[in-house]
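Undergrad: The structure under discussion is supplied below as structure tokens; questions concerning it will follow.
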Amino acid sequence: QQQVKQSPQSLIVQKGGISIINCAYENTAFDYFPWYQQFPGKGPALLIAIRPDVSEKKEGRFTISFNKSAKQFSLHIMDSQPGDSATYFCAASQSSGTYKYIFGTGTRLKVLA
Amino acid sequence: ETGVTQTPRHLVMGMTNKKSLKCEQHLGHNAMYWYKQSAKKPLELMFVYSLEERVENNSVPSRFSPECPNSSHLFLHLHTLQPEDSALYLCASSRVTGVNIQYFGAGTRLSVL
């Protein structure tokens with residue numbers, strides 16, 4: 001019940017295309033869903049996050065779509081650029097008390113020039 | 001930079017060695033975390049310190065020993081490690097109150113021979 005399932009494991013997209021990464025969770029107590037971006041040799045960095053009271057959040061070319069009833073959320077990268085090539089992790093947590101993030105296994109994105 | 005600094009960046013040690021990983025945060029946070037990152041696995045939370053008190057220990061073997069002398073510093077003491085402990089060890093910090101946004105360091109790449 002504590003797992004977050006992430007797919008696909010890897011993704012290759014042409015420059016200008018849309019990259020879509022999906023995550024699913026089971027624990028309905030989760031109420032905070034961040035996405036992290038990690039470049040080689042760096043630690044993960046927060047990209048965008050959402051709470052379940054909204055179905056979508058957009059920041060620039062990055063959008064999170066959230067489906068509370070299906071317990072799924074996804075990251076969409078519009079107009080994908082070679083500089084977006086990185087590993088993306090979804091996570092889920094409860095905003096009170098436990099400080100625990102449960103991370104997905106990661107998606108390695110490569111955007112071809 | 002994220003404001004979380006980890007040293008050393010790379011470490012090679014034998015199974016009988018004793019070494020320590022260091023993490024320092026300059027963000028005024030009061031919670032700190034150790035994660036283990038292995039290939040094709042989710043980030044594994046190892047330890048959580050909140051207000052310098054250990055609040056989480058995720059069944060981590062005793063050959064890993066954390067220390068949090070103050071809210072800005074976190075150590076991970078290593079002894080008699082196994083080759084399967086080779087991984088990227090990430091430190092993160094966050095505030096205790098409000099939204100739990102975790103900021104990660106760049107990690108220490110550990111190789112156990």
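Following the order of the structure tokens, chains are lettered A, B, ..., residues in each are numbered from 1, and ligands are numbered from 1.
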What's around range 16-21 of chain B at 8 Å? Count only C-alpha atoms, leave out sequence neighbours fewer than 5 positions away in its own chain, and write the answer as a short mmCIF file (atom, residue, chain, number, x, y, z; two decimals) with C-alpha atoms, in the first residue's frame.
TA:
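So selection-v8.cif came out as:
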```cif
data_model
loop_
_atom_site.label_atom_id
_atom_site.label_comp_id
_atom_site.auth_asym_id
_atom_site.auth_seq_id
_atom_site.Cartn_x
_atom_site.Cartn_y
_atom_site.Cartn_z
CA GLN B 6 27.59 16.58 0.58
CA THR B 7 31.19 15.43 0.99
CA PRO B 8 32.96 13.52 -0.29
CA PHE B 75 26.63 12.38 9.14
CA LEU B 76 26.42 8.77 8.04
CA HIS B 77 29.08 6.61 9.64
CA LEU B 78 29.96 3.46 7.71
CA HIS B 79 31.72 0.33 8.93
CA THR B 80 32.16 -3.23 7.66
CA LEU B 81 30.07 -2.54 4.58
CA THR B 108 28.14 10.63 -2.44
#
```
Undergrad: Quick one: everything within 12 Å of Glu24 in chain B, counting only C-alpha atoms, minus sequence neighbours fewer than 4 positions away in the same chain. Send it as an MDAnalysis selection string.
TA: chainID B and resid 2:8 28:34 68:76 90:93 103:107
Undergrad: For chain A against chain B, which residues fall within 9 Å using only C-alpha atoms, given as a PyMOL selection string?
TA: chain A and resi 4+9+32+34+41-46+89+93-106
Undergrad: Neighbours of Lys5 in chain A within 7 Å (only C-alpha atoms; same-chain residues fewer than 5 positions away dropped), as number ranges by chain?
TA: A: 23-25, 104
Undergrad: Could you write those residues out with C-alpha atoms, as a PDB file, in the first residue's frame?
TA:
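That gives us out04.pdb:
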```pdb
ATOM      1  CA  CYS A  23       2.408   7.276 -11.701  1.00  0.00           C
ATOM      2  CA  ALA A  24      -0.112   5.376  -9.605  1.00  0.00           C
ATOM      3  CA  TYR A  25      -0.453   5.127  -5.854  1.00  0.00           C
ATOM      4  CA  GLY A 104       8.607   5.872  -7.947  1.00  0.00           C
TER       5      GLY A 104
END
```
Undergrad: Rounded to one decimal place, report the CA of Leu113 in chain B-CA of Tyr88 in chain A distance in Å.
TA: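 Rounded to one decimal, the two atoms are 29.8 Å apart.
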Undergrad: As an exercise, work out the distance from CA of Ala49 in chain A to CA of Met46 in chain B in Å and give it to one decimal place.
TA: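 The value is 23.0 Å.
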Undergrad: Have a look at CA of Ile48 in chain A and CA of Gly60 in chain A and let me know their distance in Å, one decimal.
TA: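 CA of Gly60 in chain A lies at a distance of 10.2 Å from CA of Ile48 in chain A.
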Undergrad: Name the residues of chain A that come out as strand (DSSP E) in a backbone DSSP run; write them as a PDB file with N, CA, C and O atoms, in the first residue's frame.
TA:
```pdb
ATOM      1  N   VAL A   4       4.586   3.440  -4.971  1.00  0.00           N
ATOM      2  CA  VAL A   4       4.197   4.328  -6.052  1.00  0.00           C
ATOM      3  C   VAL A   4       4.757   3.702  -7.330  1.00  0.00           C
ATOM      4  O   VAL A   4       5.963   3.510  -7.437  1.00  0.00           O
ATOM      5  N   LYS A   5       3.878   3.369  -8.247  1.00  0.00           N
ATOM      6  CA  LYS A   5       4.304   2.695  -9.475  1.00  0.00           C
ATOM      7  C   LYS A   5       4.451   3.723 -10.588  1.00  0.00           C
ATOM      8  O   LYS A   5       3.513   4.479 -10.865  1.00  0.00           O
ATOM      9  N   GLN A   6       5.615   3.721 -11.226  1.00  0.00           N
ATOM     10  CA  GLN A   6       5.928   4.726 -12.245  1.00  0.00           C
ATOM     11  C   GLN A   6       6.227   4.039 -13.570  1.00  0.00           C
ATOM     12  O   GLN A   6       6.899   3.006 -13.620  1.00  0.00           O
ATOM     13  N   SER A   7       5.726   4.628 -14.650  1.00  0.00           N
ATOM     14  CA  SER A   7       5.998   4.108 -15.994  1.00  0.00           C
ATOM     15  C   SER A   7       6.005   5.244 -17.010  1.00  0.00           C
ATOM     16  O   SER A   7       5.363   6.284 -16.786  1.00  0.00           O
ATOM     17  N   SER A  10      11.825   4.071 -19.344  1.00  0.00           N
ATOM     18  CA  SER A  10      12.607   4.972 -20.183  1.00  0.00           C
ATOM     19  C   SER A  10      11.726   5.478 -21.318  1.00  0.00           C
ATOM     20  O   SER A  10      10.738   4.833 -21.689  1.00  0.00           O
ATOM     21  N   LEU A  11      12.120   6.636 -21.859  1.00  0.00           N
ATOM     22  CA  LEU A  11      11.284   7.305 -22.846  1.00  0.00           C
ATOM     23  C   LEU A  11      12.188   8.095 -23.779  1.00  0.00           C
ATOM     24  O   LEU A  11      13.073   8.821 -23.315  1.00  0.00           O
ATOM     25  N   ILE A  12      11.956   7.931 -25.071  1.00  0.00           N
ATOM     26  CA  ILE A  12      12.697   8.707 -26.067  1.00  0.00           C
ATOM     27  C   ILE A  12      11.679   9.526 -26.854  1.00  0.00           C
ATOM     28  O   ILE A  12      10.699   8.975 -27.375  1.00  0.00           O
ATOM     29  N   VAL A  13      11.923  10.821 -26.933  1.00  0.00           N
ATOM     30  CA  VAL A  13      10.988  11.745 -27.572  1.00  0.00           C
ATOM     31  C   VAL A  13      11.772  12.654 -28.512  1.00  0.00           C
ATOM     32  O   VAL A  13      12.909  13.036 -28.215  1.00  0.00           O
ATOM     33  N   GLN A  14      11.159  12.989 -29.607  1.00  0.00           N
ATOM     34  CA  GLN A  14      11.773  13.957 -30.521  1.00  0.00           C
ATOM     35  C   GLN A  14      11.633  15.365 -29.970  1.00  0.00           C
ATOM     36  O   GLN A  14      10.650  15.682 -29.264  1.00  0.00           O
ATOM     37  N   SER A  19       6.279  14.689 -23.799  1.00  0.00           N
ATOM     38  CA  SER A  19       6.720  13.567 -22.962  1.00  0.00           C
ATOM     39  C   SER A  19       5.678  13.359 -21.874  1.00  0.00           C
ATOM     40  O   SER A  19       5.246  14.320 -21.235  1.00  0.00           O
ATOM     41  N   ILE A  20       5.284  12.102 -21.673  1.00  0.00           N
ATOM     42  CA  ILE A  20       4.271  11.793 -20.670  1.00  0.00           C
ATOM     43  C   ILE A  20       4.780  10.666 -19.776  1.00  0.00           C
ATOM     44  O   ILE A  20       5.181   9.608 -20.265  1.00  0.00           O
ATOM     45  N   ILE A  21       4.760  10.934 -18.489  1.00  0.00           N
ATOM     46  CA  ILE A  21       5.197   9.940 -17.493  1.00  0.00           C
ATOM     47  C   ILE A  21       4.045   9.752 -16.513  1.00  0.00           C
ATOM     48  O   ILE A  21       3.449  10.737 -16.059  1.00  0.00           O
ATOM     49  N   ASN A  22       3.766   8.503 -16.190  1.00  0.00           N
ATOM     50  CA  ASN A  22       2.606   8.184 -15.368  1.00  0.00           C
ATOM     51  C   ASN A  22       2.998   7.563 -14.032  1.00  0.00           C
ATOM     52  O   ASN A  22       3.976   6.820 -13.951  1.00  0.00           O
ATOM     53  N   CYS A  23       2.212   7.873 -13.024  1.00  0.00           N
ATOM     54  CA  CYS A  23       2.408   7.276 -11.701  1.00  0.00           C
ATOM     55  C   CYS A  23       1.069   6.888 -11.095  1.00  0.00           C
ATOM     56  O   CYS A  23       0.056   7.556 -11.347  1.00  0.00           O
ATOM     57  N   ALA A  24       1.086   5.835 -10.293  1.00  0.00           N
ATOM     58  CA  ALA A  24      -0.112   5.376  -9.605  1.00  0.00           C
ATOM     59  C   ALA A  24       0.237   5.067  -8.160  1.00  0.00           C
ATOM     60  O   ALA A  24       1.337   4.596  -7.872  1.00  0.00           O
ATOM     61  N   TYR A  25      -0.689   5.366  -7.269  1.00  0.00           N
ATOM     62  CA  TYR A  25      -0.453   5.127  -5.854  1.00  0.00           C
ATOM     63  C   TYR A  25      -1.644   4.388  -5.275  1.00  0.00           C
ATOM     64  O   TYR A  25      -2.697   4.278  -5.900  1.00  0.00           O
ATOM     65  N   PHE A  33       2.000  15.456  -3.938  1.00  0.00           N
ATOM     66  CA  PHE A  33       2.579  14.657  -5.028  1.00  0.00           C
ATOM     67  C   PHE A  33       3.581  15.519  -5.797  1.00  0.00           C
ATOM     68  O   PHE A  33       3.230  16.252  -6.711  1.00  0.00           O
ATOM     69  N   PRO A  34       4.862  15.404  -5.450  1.00  0.00           N
ATOM     70  CA  PRO A  34       5.886  16.176  -6.167  1.00  0.00           C
ATOM     71  C   PRO A  34       6.513  15.354  -7.291  1.00  0.00           C
ATOM     72  O   PRO A  34       6.518  14.131  -7.259  1.00  0.00           O
ATOM     73  N   TRP A  35       7.044  16.060  -8.251  1.00  0.00           N
ATOM     74  CA  TRP A  35       7.885  15.464  -9.291  1.00  0.00           C
ATOM     75  C   TRP A  35       9.287  16.056  -9.141  1.00  0.00           C
ATOM     76  O   TRP A  35       9.439  17.269  -9.003  1.00  0.00           O
ATOM     77  N   TYR A  36      10.270  15.158  -9.195  1.00  0.00           N
ATOM     78  CA  TYR A  36      11.653  15.590  -9.111  1.00  0.00           C
ATOM     79  C   TYR A  36      12.363  15.271 -10.423  1.00  0.00           C
ATOM     80  O   TYR A  36      12.079  14.271 -11.085  1.00  0.00           O
ATOM     81  N   GLN A  37      13.331  16.117 -10.762  1.00  0.00           N
ATOM     82  CA  GLN A  37      14.147  15.977 -11.968  1.00  0.00           C
ATOM     83  C   GLN A  37      15.593  15.786 -11.527  1.00  0.00           C
ATOM     84  O   GLN A  37      16.075  16.543 -10.672  1.00  0.00           O
ATOM     85  N   GLN A  38      16.246  14.791 -12.095  1.00  0.00           N
ATOM     86  CA  GLN A  38      17.634  14.538 -11.703  1.00  0.00           C
ATOM     87  C   GLN A  38      18.520  14.430 -12.932  1.00  0.00           C
ATOM     88  O   GLN A  38      18.299  13.575 -13.792  1.00  0.00           O
ATOM     89  N   ALA A  45      15.957  17.400  -7.962  1.00  0.00           N
ATOM     90  CA  ALA A  45      15.494  18.767  -7.684  1.00  0.00           C
ATOM     91  C   ALA A  45      13.997  18.840  -7.951  1.00  0.00           C
ATOM     92  O   ALA A  45      13.509  18.307  -8.955  1.00  0.00           O
ATOM     93  N   LEU A  46      13.281  19.508  -7.057  1.00  0.00           N
ATOM     94  CA  LEU A  46      11.832  19.634  -7.221  1.00  0.00           C
ATOM     95  C   LEU A  46      11.503  20.380  -8.508  1.00  0.00           C
ATOM     96  O   LEU A  46      12.016  21.463  -8.770  1.00  0.00           O
ATOM     97  N   LEU A  47      10.622  19.767  -9.296  1.00  0.00           N
ATOM     98  CA  LEU A  47      10.214  20.357 -10.570  1.00  0.00           C
ATOM     99  C   LEU A  47       8.847  21.023 -10.439  1.00  0.00           C
ATOM    100  O   LEU A  47       8.651  22.172 -10.792  1.00  0.00           O
ATOM    101  N   ILE A  48       7.892  20.283  -9.947  1.00  0.00           N
ATOM    102  CA  ILE A  48       6.512  20.759  -9.818  1.00  0.00           C
ATOM    103  C   ILE A  48       5.803  19.805  -8.867  1.00  0.00           C
ATOM    104  O   ILE A  48       6.188  18.639  -8.747  1.00  0.00           O
ATOM    105  N   ALA A  49       4.780  20.296  -8.172  1.00  0.00           N
ATOM    106  CA  ALA A  49       4.055  19.444  -7.224  1.00  0.00           C
ATOM    107  C   ALA A  49       2.583  19.798  -7.244  1.00  0.00           C
ATOM    108  O   ALA A  49       2.196  20.918  -7.646  1.00  0.00           O
ATOM    109  N   ILE A  50       1.747  18.875  -6.782  1.00  0.00           N
ATOM    110  CA  ILE A  50       0.302  19.088  -6.797  1.00  0.00           C
ATOM    111  C   ILE A  50      -0.321  18.496  -5.545  1.00  0.00           C
ATOM    112  O   ILE A  50       0.224  17.547  -4.965  1.00  0.00           O
ATOM    113  N   GLU A  56      -5.287  19.687 -12.102  1.00  0.00           N
ATOM    114  CA  GLU A  56      -4.187  19.999 -13.006  1.00  0.00           C
ATOM    115  C   GLU A  56      -3.405  21.185 -12.466  1.00  0.00           C
ATOM    116  O   GLU A  56      -3.969  22.107 -11.877  1.00  0.00           O
ATOM    117  N   LYS A  57      -2.095  21.134 -12.679  1.00  0.00           N
ATOM    118  CA  LYS A  57      -1.244  22.268 -12.329  1.00  0.00           C
ATOM    119  C   LYS A  57      -0.218  22.438 -13.431  1.00  0.00           C
ATOM    120  O   LYS A  57       0.386  21.463 -13.867  1.00  0.00           O
ATOM    121  N   LYS A  58      -0.057  23.679 -13.861  1.00  0.00           N
ATOM    122  CA  LYS A  58       0.843  23.949 -14.978  1.00  0.00           C
ATOM    123  C   LYS A  58       1.892  24.969 -14.559  1.00  0.00           C
ATOM    124  O   LYS A  58       1.574  25.989 -13.949  1.00  0.00           O
ATOM    125  N   GLU A  59       3.140  24.677 -14.912  1.00  0.00           N
ATOM    126  CA  GLU A  59       4.226  25.642 -14.699  1.00  0.00           C
ATOM    127  C   GLU A  59       5.102  25.613 -15.947  1.00  0.00           C
ATOM    128  O   GLU A  59       5.863  24.675 -16.162  1.00  0.00           O
ATOM    129  N   PHE A  62       5.675  22.408 -18.152  1.00  0.00           N
ATOM    130  CA  PHE A  62       5.430  21.225 -17.323  1.00  0.00           C
ATOM    131  C   PHE A  62       4.024  21.282 -16.716  1.00  0.00           C
ATOM    132  O   PHE A  62       3.633  22.290 -16.144  1.00  0.00           O
ATOM    133  N   THR A  63       3.285  20.178 -16.864  1.00  0.00           N
ATOM    134  CA  THR A  63       1.926  20.081 -16.334  1.00  0.00           C
ATOM    135  C   THR A  63       1.767  18.767 -15.591  1.00  0.00           C
ATOM    136  O   THR A  63       2.204  17.717 -16.074  1.00  0.00           O
ATOM    137  N   ILE A  64       1.159  18.845 -14.402  1.00  0.00           N
ATOM    138  CA  ILE A  64       0.748  17.627 -13.697  1.00  0.00           C
ATOM    139  C   ILE A  64      -0.756  17.488 -13.881  1.00  0.00           C
ATOM    140  O   ILE A  64      -1.517  18.428 -13.629  1.00  0.00           O
ATOM    141  N   SER A  65      -1.181  16.290 -14.282  1.00  0.00           N
ATOM    142  CA  SER A  65      -2.603  15.945 -14.303  1.00  0.00           C
ATOM    143  C   SER A  65      -2.858  14.952 -13.181  1.00  0.00           C
ATOM    144  O   SER A  65      -2.073  14.017 -12.987  1.00  0.00           O
ATOM    145  N   PHE A  66      -3.946  15.183 -12.442  1.00  0.00           N
ATOM    146  CA  PHE A  66      -4.203  14.372 -11.250  1.00  0.00           C
ATOM    147  C   PHE A  66      -5.607  13.789 -11.330  1.00  0.00           C
ATOM    148  O   PHE A  66      -6.576  14.526 -11.548  1.00  0.00           O
ATOM    149  N   ASN A  67      -5.722  12.478 -11.147  1.00  0.00           N
ATOM    150  CA  ASN A  67      -7.019  11.800 -11.150  1.00  0.00           C
ATOM    151  C   ASN A  67      -7.188  11.109  -9.806  1.00  0.00           C
ATOM    152  O   ASN A  67      -6.655  10.016  -9.582  1.00  0.00           O
ATOM    153  N   GLN A  72      -4.161   8.192  -9.735  1.00  0.00           N
ATOM    154  CA  GLN A  72      -3.091   8.299 -10.724  1.00  0.00           C
ATOM    155  C   GLN A  72      -2.750   9.759 -10.946  1.00  0.00           C
ATOM    156  O   GLN A  72      -3.605  10.643 -10.820  1.00  0.00           O
ATOM    157  N   PHE A  73      -1.501  10.008 -11.287  1.00  0.00           N
ATOM    158  CA  PHE A  73      -1.093  11.350 -11.670  1.00  0.00           C
ATOM    159  C   PHE A  73       0.013  11.239 -12.706  1.00  0.00           C
ATOM    160  O   PHE A  73       0.713  10.213 -12.771  1.00  0.00           O
ATOM    161  N   SER A  74       0.107  12.243 -13.536  1.00  0.00           N
ATOM    162  CA  SER A  74       1.062  12.156 -14.626  1.00  0.00           C
ATOM    163  C   SER A  74       1.736  13.509 -14.854  1.00  0.00           C
ATOM    164  O   SER A  74       1.183  14.560 -14.520  1.00  0.00           O
ATOM    165  N   LEU A  75       2.924  13.435 -15.423  1.00  0.00           N
ATOM    166  CA  LEU A  75       3.699  14.622 -15.792  1.00  0.00           C
ATOM    167  C   LEU A  75       3.716  14.714 -17.312  1.00  0.00           C
ATOM    168  O   LEU A  75       4.039  13.736 -17.987  1.00  0.00           O
ATOM    169  N   HIS A  76       3.343  15.888 -17.814  1.00  0.00           N
ATOM    170  CA  HIS A  76       3.407  16.144 -19.242  1.00  0.00           C
ATOM    171  C   HIS A  76       4.447  17.233 -19.483  1.00  0.00           C
ATOM    172  O   HIS A  76       4.375  18.294 -18.824  1.00  0.00           O
ATOM    173  N   ILE A  77       5.374  16.973 -20.378  1.00  0.00           N
ATOM    174  CA  ILE A  77       6.350  17.987 -20.762  1.00  0.00           C
ATOM    175  C   ILE A  77       6.048  18.356 -22.201  1.00  0.00           C
ATOM    176  O   ILE A  77       6.218  17.545 -23.122  1.00  0.00           O
ATOM    177  N   ALA A  86      16.815  13.836 -18.734  1.00  0.00           N
ATOM    178  CA  ALA A  86      17.110  13.644 -17.316  1.00  0.00           C
ATOM    179  C   ALA A  86      16.293  12.450 -16.832  1.00  0.00           C
ATOM    180  O   ALA A  86      15.521  11.860 -17.594  1.00  0.00           O
ATOM    181  N   THR A  87      16.454  12.136 -15.559  1.00  0.00           N
ATOM    182  CA  THR A  87      15.596  11.124 -14.936  1.00  0.00           C
ATOM    183  C   THR A  87      14.548  11.835 -14.088  1.00  0.00           C
ATOM    184  O   THR A  87      14.875  12.751 -13.332  1.00  0.00           O
ATOM    185  N   TYR A  88      13.327  11.411 -14.225  1.00  0.00           N
ATOM    186  CA  TYR A  88      12.200  12.033 -13.519  1.00  0.00           C
ATOM    187  C   TYR A  88      11.617  11.045 -12.515  1.00  0.00           C
ATOM    188  O   TYR A  88      11.376   9.881 -12.846  1.00  0.00           O
ATOM    189  N   PHE A  89      11.404  11.534 -11.306  1.00  0.00           N
ATOM    190  CA  PHE A  89      10.831  10.716 -10.246  1.00  0.00           C
ATOM    191  C   PHE A  89       9.526  11.343  -9.774  1.00  0.00           C
ATOM    192  O   PHE A  89       9.485  12.533  -9.476  1.00  0.00           O
ATOM    193  N   CYS A  90       8.480  10.535  -9.680  1.00  0.00           N
ATOM    194  CA  CYS A  90       7.296  10.988  -8.984  1.00  0.00           C
ATOM    195  C   CYS A  90       7.414  10.534  -7.532  1.00  0.00           C
ATOM    196  O   CYS A  90       8.193   9.635  -7.205  1.00  0.00           O
ATOM    197  N   ALA A  91       6.668  11.174  -6.675  1.00  0.00           N
ATOM    198  CA  ALA A  91       6.669  10.814  -5.261  1.00  0.00           C
ATOM    199  C   ALA A  91       5.311  11.134  -4.673  1.00  0.00           C
ATOM    200  O   ALA A  91       4.516  11.877  -5.262  1.00  0.00           O
ATOM    201  N   ALA A  92       5.060  10.545  -3.519  1.00  0.00           N
ATOM    202  CA  ALA A  92       3.816  10.815  -2.801  1.00  0.00           C
ATOM    203  C   ALA A  92       4.135  10.878  -1.319  1.00  0.00           C
ATOM    204  O   ALA A  92       5.017  10.165  -0.834  1.00  0.00           O
ATOM    205  N   SER A  93       3.415  11.748  -0.622  1.00  0.00           N
ATOM    206  CA  SER A  93       3.629  11.833   0.819  1.00  0.00           C
ATOM    207  C   SER A  93       2.377  12.353   1.500  1.00  0.00           C
ATOM    208  O   SER A  93       1.450  12.853   0.858  1.00  0.00           O
ATOM    209  N   TYR A 101       8.621  10.622   1.946  1.00  0.00           N
ATOM    210  CA  TYR A 101       8.295  10.584   0.534  1.00  0.00           C
ATOM    211  C   TYR A 101       8.398   9.129   0.111  1.00  0.00           C
ATOM    212  O   TYR A 101       9.383   8.458   0.429  1.00  0.00           O
ATOM    213  N   ILE A 102       7.412   8.639  -0.646  1.00  0.00           N
ATOM    214  CA  ILE A 102       7.522   7.352  -1.312  1.00  0.00           C
ATOM    215  C   ILE A 102       7.765   7.659  -2.777  1.00  0.00           C
ATOM    216  O   ILE A 102       6.919   8.291  -3.439  1.00  0.00           O
ATOM    217  N   PHE A 103       8.912   7.246  -3.277  1.00  0.00           N
ATOM    218  CA  PHE A 103       9.303   7.572  -4.644  1.00  0.00           C
ATOM    219  C   PHE A 103       8.955   6.452  -5.612  1.00  0.00           C
ATOM    220  O   PHE A 103       8.970   5.267  -5.261  1.00  0.00           O
ATOM    221  N   THR A 107      11.965   7.555 -14.370  1.00  0.00           N
ATOM    222  CA  THR A 107      11.860   7.448 -15.831  1.00  0.00           C
ATOM    223  C   THR A 107      13.016   8.209 -16.447  1.00  0.00           C
ATOM    224  O   THR A 107      13.183   9.404 -16.186  1.00  0.00           O
ATOM    225  N   ARG A 108      13.800   7.501 -17.245  1.00  0.00           N
ATOM    226  CA  ARG A 108      14.917   8.166 -17.912  1.00  0.00           C
ATOM    227  C   ARG A 108      14.428   8.699 -19.249  1.00  0.00           C
ATOM    228  O   ARG A 108      14.059   7.939 -20.137  1.00  0.00           O
ATOM    229  N   LEU A 109      14.400  10.018 -19.364  1.00  0.00           N
ATOM    230  CA  LEU A 109      13.916  10.679 -20.583  1.00  0.00           C
ATOM    231  C   LEU A 109      15.083  11.132 -21.432  1.00  0.00           C
ATOM    232  O   LEU A 109      16.010  11.778 -20.927  1.00  0.00           O
ATOM    233  N   LYS A 110      15.013  10.806 -22.710  1.00  0.00           N
ATOM    234  CA  LYS A 110      15.992  11.330 -23.666  1.00  0.00           C
ATOM    235  C   LYS A 110      15.227  12.062 -24.763  1.00  0.00           C
ATOM    236  O   LYS A 110      14.324  11.488 -25.380  1.00  0.00           O
ATOM    237  N   VAL A 111      15.571  13.306 -24.977  1.00  0.00           N
ATOM    238  CA  VAL A 111      14.955  14.111 -26.031  1.00  0.00           C
ATOM    239  C   VAL A 111      15.967  14.279 -27.139  1.00  0.00           C
ATOM    240  O   VAL A 111      17.054  14.841 -26.930  1.00  0.00           O
ATOM    241  N   LEU A 112      15.593  13.797 -28.309  1.00  0.00           N
ATOM    242  CA  LEU A 112      16.510  13.831 -29.455  1.00  0.00           C
ATOM    243  C   LEU A 112      16.438  15.177 -30.151  1.00  0.00           C
ATOM    244  O   LEU A 112      15.359  15.721 -30.378  1.00  0.00           O
TER     245      LEU A 112
END
```
